[in-house]
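Chemist: Next up, protein-v2.tsv (TSV, C-alpha atoms).
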```tsv
chain	number	residue	atom	x	y	z
A	1	MET	CA	12.97	239.67	155.38
A	2	THR	CA	15.87	237.18	155.41
A	3	GLY	CA	17.66	238.71	152.45
A	4	SER	CA	20.52	240.51	154.23
A	5	PRO	CA	22.90	239.98	151.25
A	6	TRP	CA	20.60	242.19	149.19
A	7	ILE	CA	20.57	245.18	151.55
A	8	ALA	CA	22.05	248.29	149.94
A	9	GLU	CA	25.15	250.01	151.25
A	10	ARG	CA	23.54	253.29	150.28
A	11	SER	CA	19.86	253.97	149.56
A	12	LEU	CA	18.14	257.00	148.08
A	13	SER	CA	14.57	258.27	148.23
A	14	PRO	CA	12.98	259.84	145.15
A	15	ASP	CA	13.42	263.26	146.74
A	16	GLU	CA	17.12	262.63	147.36
A	17	ALA	CA	17.63	261.31	143.83
A	18	GLY	CA	15.79	264.32	142.41
A	19	ALA	CA	17.99	266.69	144.37
A	20	LEU	CA	21.16	265.03	143.05
A	21	VAL	CA	19.87	265.20	139.48
A	22	ALA	CA	18.85	268.84	139.85
A	23	ASP	CA	22.21	269.76	141.38
A	24	ARG	CA	24.16	268.27	138.48
A	25	PHE	CA	21.66	269.04	135.72
A	26	PRO	CA	19.78	272.28	136.48
A	27	GLU	CA	17.68	271.89	133.31
A	28	LEU	CA	15.96	268.94	135.02
A	29	ALA	CA	15.26	270.80	138.26
A	30	GLY	CA	11.63	270.56	139.23
A	31	ALA	CA	10.96	267.48	137.11
A	32	ALA	CA	8.82	264.76	138.64
A	33	VAL	CA	10.84	261.90	140.08
A	34	ARG	CA	9.57	258.47	141.09
A	35	ALA	CA	11.11	255.16	142.05
A	36	PHE	CA	11.38	252.95	138.98
A	37	GLY	CA	13.21	249.81	140.01
A	38	GLU	CA	15.81	248.28	142.26
A	39	GLY	CA	18.31	245.48	141.83
A	40	TRP	CA	21.44	244.16	143.43
A	41	ASP	CA	23.68	246.88	141.99
A	42	ASN	CA	21.56	249.96	141.34
A	43	SER	CA	18.45	251.91	142.23
A	44	ALA	CA	16.58	253.43	139.30
A	45	PHE	CA	14.38	256.53	139.24
A	46	LEU	CA	12.22	257.85	136.41
A	47	VAL	CA	12.70	261.58	135.89
A	48	ASP	CA	10.14	263.61	133.94
A	49	GLU	CA	8.67	260.31	132.69
A	50	THR	CA	11.51	260.38	130.14
A	51	TRP	CA	14.83	259.61	131.77
A	52	VAL	CA	15.89	256.60	133.81
A	53	PHE	CA	18.59	257.60	136.29
A	54	ARG	CA	20.56	254.78	137.88
A	55	PHE	CA	22.46	255.18	141.14
A	56	PRO	CA	24.81	252.52	142.55
A	57	ARG	CA	23.56	250.83	145.73
A	58	ARG	CA	26.97	249.46	146.67
A	59	GLU	CA	30.58	250.37	145.97
A	60	VAL	CA	31.30	247.29	143.85
A	61	ALA	CA	28.71	248.53	141.33
A	62	VAL	CA	30.59	251.77	140.64
A	63	GLY	CA	33.05	250.14	138.25
A	64	LEU	CA	30.18	248.37	136.50
A	65	LEU	CA	28.36	251.65	135.91
A	66	LYS	CA	31.56	253.22	134.58
A	67	SER	CA	31.86	250.37	132.06
A	68	GLU	CA	28.31	251.07	130.85
A	69	ILE	CA	29.00	254.77	130.52
A	70	ALA	CA	32.14	254.12	128.48
A	71	VAL	CA	31.01	251.29	126.21
A	72	LEU	CA	27.29	251.67	125.46
A	73	PRO	CA	27.58	254.81	123.29
A	74	ALA	CA	30.20	253.02	121.18
A	75	ILE	CA	28.12	249.91	120.44
A	76	ALA	CA	24.50	251.07	120.27
A	77	GLY	CA	24.60	251.66	116.52
A	78	ALA	CA	25.74	248.09	115.85
A	79	LEU	CA	22.77	246.41	117.53
A	80	SER	CA	19.27	245.70	116.22
A	81	LEU	CA	17.53	245.87	119.61
A	82	ALA	CA	17.34	249.09	121.62
A	83	ILE	CA	19.84	249.54	124.41
A	84	PRO	CA	20.10	252.40	126.94
A	85	VAL	CA	22.71	255.02	126.13
A	86	PRO	CA	23.87	257.31	128.96
A	87	GLU	CA	23.08	260.91	128.03
A	88	TRP	CA	23.50	262.40	131.51
A	89	VAL	CA	26.54	261.48	133.59
A	90	GLY	CA	26.61	262.80	137.13
A	91	GLU	CA	29.87	263.09	139.02
A	92	PRO	CA	30.13	262.30	142.76
A	93	THR	CA	29.02	264.96	145.21
A	94	ALA	CA	29.43	265.54	148.92
A	95	GLY	CA	26.03	263.94	149.43
A	96	PHE	CA	26.58	260.96	147.12
A	97	PRO	CA	30.13	259.65	146.67
A	98	TRP	CA	29.62	257.72	143.41
A	99	PRO	CA	28.85	258.61	139.80
A	100	PHE	CA	25.35	258.09	138.40
A	101	ALA	CA	23.85	258.15	134.92
A	102	GLY	CA	20.64	258.98	133.08
A	103	TYR	CA	19.32	257.14	130.01
A	104	ARG	CA	16.33	257.80	127.77
A	105	LEU	CA	13.51	255.44	128.74
A	106	ILE	CA	13.06	252.46	126.41
A	107	PRO	CA	9.27	252.05	126.02
A	108	GLY	CA	7.75	248.77	127.15
A	109	THR	CA	7.94	246.57	130.19
A	110	THR	CA	10.35	243.94	131.40
A	111	ALA	CA	9.75	240.40	130.22
A	112	CYS	CA	9.74	239.31	133.85
A	113	ALA	CA	6.71	241.50	134.57
A	114	ALA	CA	4.99	240.76	131.26
A	115	ALA	CA	5.34	236.96	131.58
A	116	PRO	CA	5.32	236.29	127.79
A	117	ASP	CA	3.54	233.15	126.64
A	118	PRO	CA	5.45	230.52	124.60
A	119	GLU	CA	4.27	232.02	121.30
A	120	SER	CA	5.62	235.47	122.21
A	121	ARG	CA	8.91	233.96	123.27
A	122	ALA	CA	9.08	232.11	119.96
A	123	ARG	CA	8.63	235.42	118.12
A	124	SER	CA	11.45	236.88	120.21
A	125	ALA	CA	13.82	233.98	119.53
A	126	PRO	CA	15.22	235.11	116.15
A	127	LEU	CA	15.45	238.70	117.39
A	128	LEU	CA	17.57	237.61	120.35
A	129	GLY	CA	19.69	235.35	118.14
A	130	ARG	CA	20.41	238.18	115.73
A	131	PHE	CA	21.11	240.60	118.57
A	132	LEU	CA	23.67	238.31	120.19
A	133	ARG	CA	25.30	237.54	116.84
A	134	GLU	CA	25.77	241.29	116.40
A	135	LEU	CA	26.99	241.84	119.95
A	136	HIS	CA	29.42	238.94	119.92
A	137	GLY	CA	30.60	240.00	116.48
A	138	ILE	CA	31.89	243.37	117.69
A	139	PRO	CA	35.69	243.12	117.45
A	140	ALA	CA	37.13	242.41	120.88
A	141	ALA	CA	39.93	244.93	120.34
A	142	ALA	CA	37.42	247.68	119.56
A	143	ALA	CA	35.37	246.80	122.65
A	144	ARG	CA	38.50	246.81	124.78
A	145	ASP	CA	39.52	250.20	123.40
A	146	ALA	CA	36.04	251.52	124.25
A	147	GLY	CA	36.50	250.46	127.86
A	148	ALA	CA	35.12	246.92	128.10
A	149	PRO	CA	36.82	245.14	131.02
A	150	PRO	CA	37.84	241.49	131.27
A	151	ASP	CA	35.74	239.06	133.31
A	152	ARG	CA	36.80	240.34	136.71
A	153	PHE	CA	34.36	238.04	138.54
A	154	GLU	CA	35.35	234.77	136.82
A	155	ARG	CA	31.72	233.92	136.16
A	156	LEU	CA	32.50	230.45	134.81
A	157	HIS	CA	35.28	229.55	137.25
A	158	PRO	CA	35.43	225.78	137.97
A	159	ASP	CA	34.45	226.53	141.58
A	160	ARG	CA	31.06	227.59	140.22
A	161	ARG	CA	29.84	223.99	140.49
A	162	ARG	CA	30.44	223.91	144.23
A	163	ARG	CA	28.70	227.23	144.75
A	164	PHE	CA	25.81	226.12	142.55
A	165	ALA	CA	25.37	222.97	144.64
A	166	GLU	CA	25.33	225.06	147.82
A	167	ASP	CA	22.77	227.51	146.40
A	168	LEU	CA	20.62	224.65	145.13
A	169	ALA	CA	20.69	223.02	148.56
A	170	ARG	CA	19.64	226.29	150.21
A	171	LEU	CA	16.79	226.60	147.78
A	172	ALA	CA	15.71	222.99	148.21
A	173	GLU	CA	15.38	223.33	151.99
A	174	SER	CA	11.79	224.41	151.38
A	175	GLY	CA	11.06	221.36	149.21
A	176	ASP	CA	11.17	223.27	145.93
A	177	PRO	CA	12.83	222.07	143.75
A	178	SER	CA	12.14	218.42	144.48
A	179	PRO	CA	14.91	215.87	145.12
A	180	GLY	CA	14.52	214.55	141.57
A	181	GLU	CA	14.91	218.02	140.09
A	182	VAL	CA	17.95	218.67	142.27
A	183	SER	CA	19.55	215.48	140.94
A	184	ALA	CA	18.93	216.56	137.34
A	185	HIS	CA	20.60	219.90	137.93
A	186	ARG	CA	23.54	218.35	139.72
A	187	ALA	CA	23.98	216.06	136.72
A	188	LEU	CA	24.00	219.13	134.46
A	189	ALA	CA	26.73	220.69	136.60
A	190	GLU	CA	28.79	217.50	136.40
A	191	ALA	CA	28.50	217.53	132.59
A	192	VAL	CA	30.39	220.84	132.35
A	193	PRO	CA	33.97	220.16	131.23
A	194	PRO	CA	36.19	220.85	134.27
A	195	ASP	CA	38.84	222.47	132.07
A	196	TRP	CA	36.36	224.49	130.01
A	197	ARG	CA	37.76	227.35	127.97
A	198	PRO	CA	35.72	229.30	125.40
A	199	GLY	CA	36.71	229.05	121.77
A	200	ALA	CA	36.70	232.86	121.56
A	201	VAL	CA	36.40	235.78	123.94
A	202	THR	CA	33.74	238.29	122.90
A	203	LEU	CA	31.93	241.32	124.21
A	204	VAL	CA	29.03	239.98	126.28
A	205	HIS	CA	26.10	241.54	128.12
A	206	GLY	CA	26.90	239.29	131.06
A	207	ASP	CA	23.49	239.25	132.79
A	208	LEU	CA	20.94	238.48	130.10
A	209	TYR	CA	17.66	237.25	131.53
A	210	SER	CA	13.99	238.20	131.70
A	211	ARG	CA	14.41	241.17	134.01
A	212	HIS	CA	16.78	242.79	131.54
A	213	LEU	CA	14.69	242.19	128.42
A	214	VAL	CA	12.17	244.90	127.43
A	215	VAL	CA	9.09	243.73	125.55
A	216	ASP	CA	6.34	245.56	123.66
A	217	ALA	CA	2.56	245.25	124.01
A	218	GLY	CA	2.73	241.91	122.19
A	219	ALA	CA	5.35	240.67	124.69
A	220	VAL	CA	8.03	240.51	121.99
A	221	VAL	CA	11.55	241.65	122.87
A	222	THR	CA	12.44	245.16	121.71
A	223	GLY	CA	15.30	246.14	124.00
A	224	VAL	CA	18.02	244.99	126.38
A	225	ILE	CA	18.80	246.95	129.55
A	226	ASP	CA	21.10	246.87	132.58
A	227	TRP	CA	24.56	246.45	131.08
A	228	GLY	CA	26.60	246.69	134.27
A	229	ASP	CA	27.99	243.19	133.80
A	230	LEU	CA	29.24	243.77	130.25
A	231	HIS	CA	32.75	242.47	129.74
A	232	LEU	CA	35.02	240.57	127.40
A	233	GLY	CA	34.33	236.95	128.19
A	234	ASP	CA	32.71	233.66	127.29
A	235	PRO	CA	29.76	234.02	124.87
A	236	ALA	CA	28.12	231.04	126.61
A	237	ILE	CA	27.22	233.45	129.42
A	238	ASP	CA	24.82	235.25	127.07
A	239	LEU	CA	23.73	232.12	125.20
A	240	SER	CA	22.20	230.95	128.46
A	241	VAL	CA	19.17	233.07	127.46
A	242	ALA	CA	18.30	230.36	124.92
A	243	PHE	CA	18.02	227.80	127.72
A	244	GLY	CA	16.44	229.97	130.42
A	245	PHE	CA	14.15	232.41	128.65
A	246	LEU	CA	13.20	230.43	125.54
A	247	PRO	CA	11.15	227.22	125.55
A	248	PRO	CA	12.76	224.29	123.69
A	249	GLU	CA	10.55	224.67	120.63
A	250	ALA	CA	11.77	228.27	120.13
A	251	ARG	CA	15.47	227.48	120.23
A	252	PRO	CA	15.90	226.40	116.57
A	253	ALA	CA	14.87	229.90	115.43
A	254	PHE	CA	17.41	231.41	117.85
A	255	TRP	CA	20.25	229.19	116.59
A	256	SER	CA	19.23	229.82	112.99
A	257	GLU	CA	20.09	233.49	113.51
A	258	TYR	CA	23.02	233.09	115.87
A	259	GLY	CA	24.66	229.90	114.61
A	260	GLU	CA	24.72	226.46	116.19
A	261	PRO	CA	26.96	226.20	119.26
A	262	SER	CA	29.23	223.27	119.97
A	263	PRO	CA	27.79	220.65	122.36
A	264	ALA	CA	30.23	221.78	125.05
A	265	THR	CA	29.26	225.43	124.63
A	266	ALA	CA	25.58	224.48	124.85
A	267	THR	CA	26.21	222.55	128.07
A	268	VAL	CA	28.04	225.49	129.63
A	269	ALA	CA	25.24	227.85	128.55
A	270	ARG	CA	22.64	225.52	130.09
A	271	PHE	CA	24.61	225.38	133.30
A	272	HIS	CA	24.90	229.15	133.46
A	273	ALA	CA	21.14	229.42	132.93
A	274	ALA	CA	20.58	227.07	135.87
A	275	CYS	CA	23.06	228.93	138.09
A	276	HIS	CA	21.46	232.25	137.29
A	277	ALA	CA	17.95	230.90	137.89
A	278	VAL	CA	18.90	229.61	141.34
A	279	LYS	CA	20.38	232.97	142.30
A	280	GLU	CA	17.24	234.70	141.02
A	281	LEU	CA	15.06	232.35	143.06
A	282	LEU	CA	16.98	233.02	146.26
A	283	TYR	CA	16.83	236.77	145.67
A	284	ALA	CA	13.15	236.77	144.64
A	285	ARG	CA	12.17	234.64	147.63
A	286	ASP	CA	13.97	236.94	150.06
A	287	VAL	CA	12.65	240.23	148.67
A	288	GLY	CA	9.15	238.94	147.88
A	289	ASP	CA	9.28	239.44	144.09
A	290	ARG	CA	6.64	236.97	142.92
A	291	ALA	CA	6.95	237.77	139.22
A	292	LEU	CA	10.69	237.17	139.27
A	293	TYR	CA	10.28	233.99	141.30
A	294	ARG	CA	7.75	232.62	138.82
A	295	GLU	CA	9.97	233.37	135.84
A	296	ALA	CA	13.11	232.04	137.50
A	297	ARG	CA	11.39	228.84	138.53
A	298	THR	CA	10.39	228.22	134.91
A	299	SER	CA	13.91	229.08	133.75
A	300	LEU	CA	15.37	226.52	136.12
A	301	ASP	CA	13.10	223.87	134.59
A	302	ARG	CA	13.96	224.90	131.04
A	303	SER	CA	17.69	224.65	131.64
A	304	VAL	CA	17.49	220.85	131.72
A	305	GLU	CA	14.82	220.43	129.04
A	306	PRO	CA	16.18	218.89	125.82
```
Output the structure of this file as structure tokens.
Modeler:
Amino acid sequence: MTGSPWIAERSLSPDEAGALVADRFPELAGAAVRAFGEGWDNSAFLVDETWVFRFPRREVAVGLLKSEIAVLPAIAGALSLAIPVPEWVGEPTAGFPWPFAGYRLIPGTTACAAAPDPESRARSAPLLGRFLRELHGIPAAAARDAGAPPDRFERLHPDRRRRFAEDLARLAESGDPSPGEVSAHRALAEAVPPDWRPGAVTLVHGDLYSRHLVVDAGAVVTGVIDWGDLHLGDPAIDLSVAFGFLPPEARPAFWSEYGEPSPATATVARFHAACHAVKELLYARDVGDRALYREARTSLDRSVEP
């Protein structure tokens, strides 16, 4: 594997995770534990087929998990799609130096694994639009008081265009995307206003894409997971889901619920969708995640579709 940037600083086996859970929560001792998922920030384990416990894989993710623990209980009641709420919060131990958290499992599967067809995505469009209208409508002061941080990673910093070009070039070394597609995405990056500032700062999910959308048996979105990147920032970061996850014909239903963005906001959201898709592609290629690669490749195409 060539994906050294993705290697965890600290890994856990199911047995080790189960021991940590049992130590902190004796009522769960003896429950079955199995690996449930793994990303850049966290490893997830399913406990008793009911609880998803997430453990940081690297130190930088600790602050992100703490933001989830603080904010999610305060906002869950304001949102029309299910979100995970931490019901078990484990403090660091001698064997694991970081906090961890357990959430009730949201039934379904990730959209990345389900690969919804265009019709299913169209049915999800108004649900996502309404959800983001609700999320972005939470008063910023209330979110800040609950523990939402500012954008500590400057996700839409002007230097993003240079980094995007470098990532795109790395990806294109294999011939995919083609030179013509690379040119189209570079043109999108150049269309982003260099002095871009959002019209308002809102509470945002911060990492909204197919792997963090839960869908039901009909492949329609029912929940949104993995809130480690939540922060007070540019709503265009979340609106990128309209340009990466949704096909063009589904976008009017999304905007009908959310509200039409300005042309500049739409351009920034498209660009963020493209940036995210390229990062996904690099990650998926390195770790061998075919489902994620397939979805990210389609998202990259959609980001420049009118």
Chemist: Restricting the calculation to all atoms listed in the file, which member of A:Leu132, A:Pro158, A:Ala142, A:Leu208 is positioned closest to Trp255 in chain A?
Modeler: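 Closest candidate: A:Leu132.
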Chemist: If I take CA of Ala94 in chain A and CA of Asp226 in chain A, how far is one from the other in Å, to one decimal?
Modeler: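 That distance, rounded to one decimal, is 26.2 Å.
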Chemist: Draw an axis-aligned box tight on the listed atoms of range 213-224 of chain A, then pad every side by 3 Å and write out centre and edge lengths in Å to one decimal as JSON.
Modeler:
```
{"center_x": 10.3, "center_y": 243.3, "center_z": 125.1, "size_x": 21.5, "size_y": 11.6, "size_z": 12.7}
```
Chemist: Can you build me a table of range 120-229 of chain A residues sitting at most 8 Å from range 96-113 of chain A, with the closest atom pair per residue and its distance in Å to one decimal, using only C-alpha atoms, sorted by chain and residue number, as a Markdown table?
Modeler:
```
| residue | atom | partner | partner_atom | distance |
| --- | --- | --- | --- | --- |
| A:Ser210 | CA | A:Cys112 | CA | 4.9 |
| A:Arg211 | CA | A:Cys112 | CA | 5.0 |
| A:His212 | CA | A:Thr110 | CA | 6.5 |
| A:Leu213 | CA | A:Thr110 | CA | 5.5 |
| A:Val214 | CA | A:Thr110 | CA | 4.5 |
| A:Val215 | CA | A:Gly108 | CA | 5.5 |
| A:Asp216 | CA | A:Gly108 | CA | 4.9 |
| A:Ala217 | CA | A:Gly108 | CA | 7.0 |
| A:Ala219 | CA | A:Ala111 | CA | 7.1 |
| A:Val221 | CA | A:Ala111 | CA | 7.7 |
| A:Gly223 | CA | A:Ile106 | CA | 7.1 |
```
Chemist: Let me make sure I understand: among A:Asp167, A:Glu295, A:Asp15, A:Asp159, which one has the smallest atom-to-atom distance to Asp195 in chain A if we use only C-alpha atoms?
Modeler: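 Checking each candidate against Asp195 in chain A, we get A:Asp159 as the closest.
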